[in-house]
Structure formats: C-alpha cells, structure tokens
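Written below as structure tokens is the structure these notes are about.
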Amino acid sequence: MKAPRITDSSLRDGSHPMRHRFTVDQVRRVAGALDEAGVPVIEVSHGDGLGGSSLQYGFSLVPEMELVSAAVEACARARIAVLLLPGVGTQTELREAVKRGAGVVRIATQCTEADVSEQHFNLAKELGLEAVGFLMMAHMRPPEILAEQAALMQRYGADCVYVVDSAGAMLPNDAAARVAALKAALTCEVGFHAHNNLGLAIGNSLAALEAGADQIDGCLRGLGAGSGNAPTELLAAVLDKLGLDSGLDVFKLCDAAEYVLAPMMPFQPIPNRDAISIGYAGVYSTFLLHARRAGERFGLDSREILVELGRRKAMAGQEDWILDVAQDLARAKAAASNQSPV
Amino acid sequence: MPAIKAAILGTGNIGSDLMFKLLRQPGPLTLALFAGIDPASDGLARARARGIPTSADGIAAVLADPDIRIVFDATSAKAHARHAPALAAAGRIAIDLTPAAYGPGVVPPVNLDANLAAPNLNLITCGGQATIPLVHAVSRVTPVRYAEIVSTIASRSAGPGTRQNIDEFTVTTARGLEQLGGARSGKAIIILNPAEPPIFMRNTVYVLPEGEFDEAGVTASIEAMVAEVAEYVPGYRLKGAPVFDSVSGADGRPARSITLLLEVEGAGDYLPAYAGRLDIMTASACRVGRTLARSLLQSPHLPAK
C-alpha cells in the first residue's frame with residue numbers, strides 16, 4: 001500500500017461550522033501551519049465552493065478570493081485548491097481564483113450528474129490546473145453507477161475522481177466497494193472524502209485506502225460540515241502507524257490542530273444527536289446548522305426535519321428545502337392538533 | 001377570425017410541446033409550419049400526424065413562405081445565431097427559446113408590452129421565466145438591493161444543452177434578476193435532483209429590499225403577480241405564504257428578507273409534468289406569440305414585411 005496524498009479542507013469544509021466567517025488572518029495562520037507540517041494541498045473556498053456566498057448557504061464575511069490570496073501567500077510548498085460546484089460557481093470565479101494563485105480545482109457534482117462539469121474541466125485543463133472530480137452524496141448510488149459517472153469526469157480531463165461521502169452515511173464496506181469500482185474503471189487517481197456523522201471518518205478513510213484510494217481528505221480537528229471530517233492530524237498519525245510515509249509531520253499537525261485552529265472554532269463538531277441523524281438519514285452534512293435554525297423557528301425537532309429531508313431524497317446544496325420541509329411539518333402538526341379527539 | 005401565421009423551428013422536446021400548446025388553443029395564431037432539419041425526426045412525424053405542414057429544410061422553409069410573420073426558434077443558441085439575422089432581414093419576428101440572447105430578454109408580465117416592436121425577443125432561461133416575475137413584484141413596490149434564486153429541477157428534465165452550458169443558466173438568470181427583476185444585484189443557483197419519480201420544478205426566491213417595507217403591500221403585489229403568471233402557466237403556484245425573516249446581508253448589515261417557495265407543475269401537453277421548467281418556457285413563448293399576433297392584427301403595418 002502506498003501513502004495517499006492528503007488534501008486538507010479545514011479552510012473549505014471547515015467554512016460550514018465557521019458559518020463562512022474565516023478572516024484573512026485566520027486563513028494565513030491555518031494555511032501556514034498546514035504548510036509547515038508538510039500538507040501538500042490546502043483547499044480554500046466558501047464551504048459551498050466558489051461563488052457560494054449567498055442567502056441560501058450563508059454570506060462570506062471576507063470575499064473568498066482574498067482568502068485564496070492569503071493562503072497562497074502563507075504557503076512555501078503547499079498548493080492551494082479551490083472547490084467549484086457547477087450551478088453555484090462559474091468559470092469566471094475559477095479564472096479569478098487562478099489569478100490569485102490557486103493551482104488545483106476540485107469540481108463537485110451530484111453523484112449522478114457528472115456531465116454538468118465538462119465546461120469546467122475543459123477550462124481547468126486550459127488553465128493548466130490539476131483538476132479533481134468530486135462525486136457528492138455518493139452513498140445514494142451503487143458502485144457501478146458511480147464508476148460510470150467517474151469515467152465521464154476522467155474523459156473531461158480529471159486527474160483524480162473522489163468518492164465523496166457528503167452525508168457521512170457510508171460504512172467501511174460501502175466506502176471500499178465504491179473506491180474499488182472507480183479504481184477498476186479509471187486510469188486516473190481515485191480519492192475519498194469522509195464525514196464523521198456515524199463516527200467512521202477515519203475507519204472509512206482506511207477502508208478506502210485499502211481499496212486503493214490515492215488521495216484522502218482531512219480537516220484539522222475534523223472541522224467540517226455535520227460532525228466534521230477525518231481529522232488531518234489523526235490521519236497523519238494513523239498513516240504513520242501503518243508504516244506509510246505520507247510526508248506529514250504528526251506532531252506539527254497535532255499542534256496546528258490544538259493551538260492554531262481549535263481556538264478559532266465556534267464548536268467542536270462531534271457525532272451528536274443531529275449529526276447522527278444526518279448520517280443515519282443520509283442527508284447533506286451542511287444541513288446541520290440550517291435544520292437547527294429552522295427547528296427553533298418552527299418549534300420542531302431538528303431531527304424530524306433531517307429525517308424528512310432524507311425521505312424526500314434532498315441532494316447536496318438543497319438548503320432551501322429545509323424551510324419547505326419545516327413549514328410542511330409545522331402545518332401538519334397544527335392540523336393534527338386541531339383534529340385531535342377531545 | 002383572422003389569424004397571424006407562425007412557424008416553429010426545431011422539432012425536439014421544446015418544439016413539440018410548443019406545437020401542442022399552440023394547437024390546443026390557437027387564438028390569434030395559426031401554426032402554419034413545423035420545420036426541422038432531420039426528415040426522419042419523431043417531431044416531424046408527430047406534426048404530420050396532426051395535419052401540420054412540415055419541412056426538413058429548416059429556416060429555408062420558413063423564409064420561403066412570406067405569410068409566416070412569427071417564428072418560434074426552439075433549436076439551439078448556435079443555430080439561432082444564424083437564424084436571427086436571416087429572420088430579421090426577411091422582416092419576420094423571432095421568439096427565441098434558446099439561450100442565444102440575440103434580442104431583448106422578455107418576461108411576459110414584466111416587459112412584454114414594452115418590447116412588442118422588437119424584431120427578436122428572447123425568453124432568457126426557465127429559471128428566469130419562473131422567478132423574475134416574483135422579484136419584479138417586490139421591486140415595483142419597494143426598492144430591492146439583492147435577489148437570489150435557487151432553481152431545483154428534475155435531472156430528467158435537463159438535456160445535454162443545459163448540462164453543457166450550466167454557467168450560461170446561472171449568469172443569464174442572474175442578469176435577468178437585475179435588468180428585469182429590478183434587483184440592484186442578483187444571483188442564481190441551479191441544482192439537479194435525480195430523485196425518482198422526478199420532482200416538479202422548484203424555485204426558491206430570496207429578496208432583500210433596501211430597507212423597511214410594507215409586508216402587506218409586498219404580499220399583495222406578489223399574489224397579484226402569481227395570479228398573472230398562472231393565467232398562462234396553470235401549474236405556477238407558491239407553496240405557502242411569503243416568509244419574512246431577519247438575516248444579515250452580504251455586507252453584514254441586518255436586513256429583512258422575503259423568501260418565496262415556488263413550484264411549477266408542467267401542463268403535460270407533450271412533456272411530462274415534472275418538466276415544469278420546459279413548460280414555463282413554452283407557455284411563456286405562447287403568451288408572447290399570441291400577444292404579438294394580437295398587436296399585429298391591430299396594426300398590420302408593423303413590422304414591415
């Protein structure tokens with residue numbers, strides 16, 4: 001088994017629990033510490049990718065391009081990646097991020113909709129970027145379907161395609177089967193992005209690695225949507241114990257997690273009641289805070305909202321359905337209490 | 001009753017649905033030609049079966065009939081870039097359902113009356129047809145600093161044209177929210193949902209007015225607008241009442257927001273009900289065509305043939 005390449009997404013997936021309020025100074029310090037610890041790729045963007053600053057997902061405190069520039073300036077070795085969701089961000093933002101020094105783009109689609117990414121892969125290649133495909137909500141489709149979608153991204157020019165467990169809903173076997181299917185179908189690299197809603201982020205990442213994954217994502221302290229991601233410092237320690245030379249400095253990452261990132265965090269994501277519901281119901285991890293807010297507003301349990309979103313098969317980015325579901329549940333409740341027998 | 005002759009260019013899903021809509025309620029328009037470029041296409045066969053004159057000569061067939069005044073173009077942006085100047089030179093009015101945006105963007109209840117003399121009218125995007133009226137309904141009663149829309153469409157209703165040009169959707173729709181919706185700044189997001197059975201088209205419209213506003217006045221204006229659009233798109237409806245909320249704007253300033261949840265169920269003329277996003281395009285095109293035809297019948301000298 002060879003060591004995977006690690007991409008740290010504290011400054012992108014971590015943007016969700018930070019409510020998209022990272023400052024230039026914070027980004028500079030986190031990126032600098034990651035670079036110092038040997039992390040080769042650092043992702044910086046709004047949590048929902050370039051152009052994600054919106055009422056739907058939350059406005060960025062600082063324009064993300066300034067954060068990209070800050071990260072680029074803070075790093076001596078690491079390359080800066082940006083996330084782009086076609087339908088949210090556009091080629092215009094990608095061009096701007098490249099001007100700011102981004103060298104990698106991760107292009108994310110729903111796991112069934114890879115063919116919306118062709119124009120973005122074309123541009124990425126034209127701009128000389130490393131281009132990574134990101135198949136989100138990958139637990140919703142079986143391995144063979146994912147492999148077909150991944151093959152489309154490879155055809156458009158992807159250097160790597162990720163199986164993305166956006167809902168943190170996979171068990172180790174699910175992760176391994178999907179990564180293995182992509183490895184068998186593709187000649188490019190394969191990656192895995194975990195969420196910890198069922199407490200399996202590290203376990204699933206290891207299963208993916210054993211199935212042949214070339215790239216794995218982490219976030220310091222697991223700072224990411226839902227109950228967060230695989231902690232980068234923990235991945236580094238585990239890879240080291242496996243005898244794999246990932247090039248990461250375990251102690252420096254632990255220090256970065258503890259002393260640089262943790263003091264900035266509004267809370268430590270853990271698999272609590274809501275996060276477990278997300279993994280269990282198989283909904284997008286970023287729904288966590290939005291569902292909690294809707295629950296408070298409509299006098300509902302956020303868990304019922306999350307479970308209903310799962311039943312309706314909400315996909316990545318459908319935060320607006322939370323309001324819709326909450327309204328429906330509140331209406332149904334009001335109707336039921338009016339009709340209750342006296 | 002006298003009628004204006006019209007042609008449909010493009011025999012795919014959109015052209016076929018449009019044909020069914022025009023036949024169901026002809027009004028001041030007569031469908032005189034259904035033209036494509038593939039003699040073996042299903043669309044041409046469907047039109048022939050209904051007694052509509054057809055041709056596989058594309059735009060040449062349209063130009064060959066001097067009585068055709070209005071041409072619906074349901075081909076592609078690339079094809080329309082060729083069709084538009086040819087139609088204009090021949091004095092025909094083009095109603096463009098492609099993203100070519102050769103002529104002014106038109107949303108019937110917002111600015112159709114102001115563009116009746118234009119030789120080429122573009123229908124923007126499906127998301128724009130669905131959401132711009134609602135943003136306009138707010139901006140006509142209180143200034144709007146920001147409008148954002150999220151269109152969620154069934155995967156099955158998104159063909160290769162949409163998929164290969166998804167940026168054009170977001171950019172064109174956002175521009176429409178500004179120029180026609182009246183928002184100082186606009187943003188559009190599109191999400192494809194692969195659920196089976198396919199979902200109806202869903203749109204969420206967020207509006208941030210400049211400052212304080214009269215909620216009752218805004219609600220009344222929105223309700224009037226929904227009724228107006230529903231006249232030509234029967235499946236157009238709000239889910240629930242407008243939601244007013246306190247948020248912080250892009251600049252961090254606190255603001256009152258308006259959130260509207262809109263559903264568009266297709267009429268099922270030719271396309272299935274889940275294709276509400278295409279239905280709203282063909283329904284808007286019909287509305288534009290009929291309004292133009294009535295205006296031509298009233299002032300037959302315009303435009304010069």
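Labels for the structure tokens follow display order: chains A, B, ..., residues from 1 in each chain, ligands from 1.
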Neighbour list for stretch 100-108 of chain B as a list in words, cut-off 6 Å, only C-alpha atoms, skip fewer than 5 positions in-chain: Ala77, Asn120, Leu121, Asn122, Leu123, Ile124 and Gln129 of chain B
Neighbour list for stretch 135-148 of chain A as a PyMOL selection string, cut-off 9 Å, only C-alpha atoms, skip fewer than 6 positions in-chain: chain A and resi 107-114+161-170+174-175+177-186+282-284+313+315-316
Kindly assemble as a tab-separated table a list of the chain A residues that lie within 7 Å of chain B, each paired with its nearest atom pair and their distance in Å to one decimal, using only C-alpha atoms, sorted first by chain and then by ascending residue number.
residue	atom	partner	partner_atom	distance
A:Phe59	CA	B:Ala250	CA	5.4
A:Pro86	CA	B:Ile166	CA	6.8
A:Gly87	CA	B:Ile190	CA	4.7
A:Val88	CA	B:Ile189	CA	5.0
A:Thr90	CA	B:Asp167	CA	5.6
A:Thr112	CA	B:Pro194	CA	6.9
A:Asp115	CA	B:Arg163	CA	6.3
A:Val116	CA	B:Arg163	CA	4.6
A:Glu118	CA	B:Gln164	CA	6.5
A:Gln119	CA	B:Gln164	CA	6.4
A:Lys313	CA	B:Ala195	CA	6.4
A:Met315	CA	B:Asn193	CA	6.4
A:Asp320	CA	B:Thr204	CA	6.6
Distance in Å - atom CA of A:Arg273 versus atom CA of A:Gly226: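 Separation between atom CA of A:Arg273 and atom CA of A:Gly226: 10.7 Å.
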With DSSP run on the backbone, what are the helix (DSSP H, G or I) residues within stretch 163-259 of chain B? I'd like them as an mmCIF file with C-alpha atoms, in the first residue's frame.
data_model
loop_
_atom_site.group_PDB
_atom_site.id
_atom_site.type_symbol
_atom_site.label_atom_id
_atom_site.label_comp_id
_atom_site.auth_asym_id
_atom_site.auth_seq_id
_atom_site.Cartn_x
_atom_site.Cartn_y
_atom_site.Cartn_z
ATOM 1 C CA ARG B 163 -25.819 20.327 -18.943
ATOM 2 C CA GLN B 164 -23.046 21.532 -21.216
ATOM 3 C CA ILE B 166 -24.836 25.335 -16.956
ATOM 4 C CA ASP B 167 -22.830 28.541 -16.415
ATOM 5 C CA GLU B 168 -24.947 30.286 -19.045
ATOM 6 C CA PHE B 169 -28.013 29.433 -16.982
ATOM 7 C CA THR B 170 -26.682 30.983 -13.787
ATOM 8 C CA VAL B 171 -25.131 34.025 -15.449
ATOM 9 C CA THR B 172 -28.098 34.804 -17.724
ATOM 10 C CA THR B 173 -30.661 34.287 -14.974
ATOM 11 C CA ALA B 174 -28.731 36.484 -12.538
ATOM 12 C CA ARG B 175 -28.546 39.247 -15.141
ATOM 13 C CA GLY B 176 -32.304 38.910 -15.699
ATOM 14 C CA LEU B 177 -32.963 39.293 -11.963
ATOM 15 C CA GLU B 178 -31.143 42.605 -12.158
ATOM 16 C CA GLN B 179 -32.250 44.008 -15.503
ATOM 17 C CA GLU B 215 -45.134 43.411 4.276
ATOM 18 C CA ALA B 216 -48.821 43.504 3.416
ATOM 19 C CA GLY B 217 -48.141 45.594 0.305
ATOM 20 C CA VAL B 218 -45.377 43.231 -0.825
ATOM 21 C CA THR B 219 -47.561 40.185 -0.228
ATOM 22 C CA ALA B 220 -50.430 41.690 -2.223
ATOM 23 C CA SER B 221 -48.132 42.539 -5.126
ATOM 24 C CA ILE B 222 -46.673 39.007 -5.131
ATOM 25 C CA GLU B 223 -50.107 37.392 -5.045
ATOM 26 C CA ALA B 224 -51.271 39.521 -7.957
ATOM 27 C CA MET B 225 -48.186 38.513 -9.925
ATOM 28 C CA VAL B 226 -48.631 34.800 -9.212
ATOM 29 C CA ALA B 227 -52.189 35.048 -10.496
ATOM 30 C CA GLU B 228 -50.999 36.827 -13.628
ATOM 31 C CA VAL B 229 -48.371 34.193 -14.450
ATOM 32 C CA ALA B 230 -50.781 31.376 -13.605
ATOM 33 C CA GLU B 231 -53.039 32.687 -16.411
ATOM 34 C CA TYR B 232 -50.565 31.327 -18.937
#
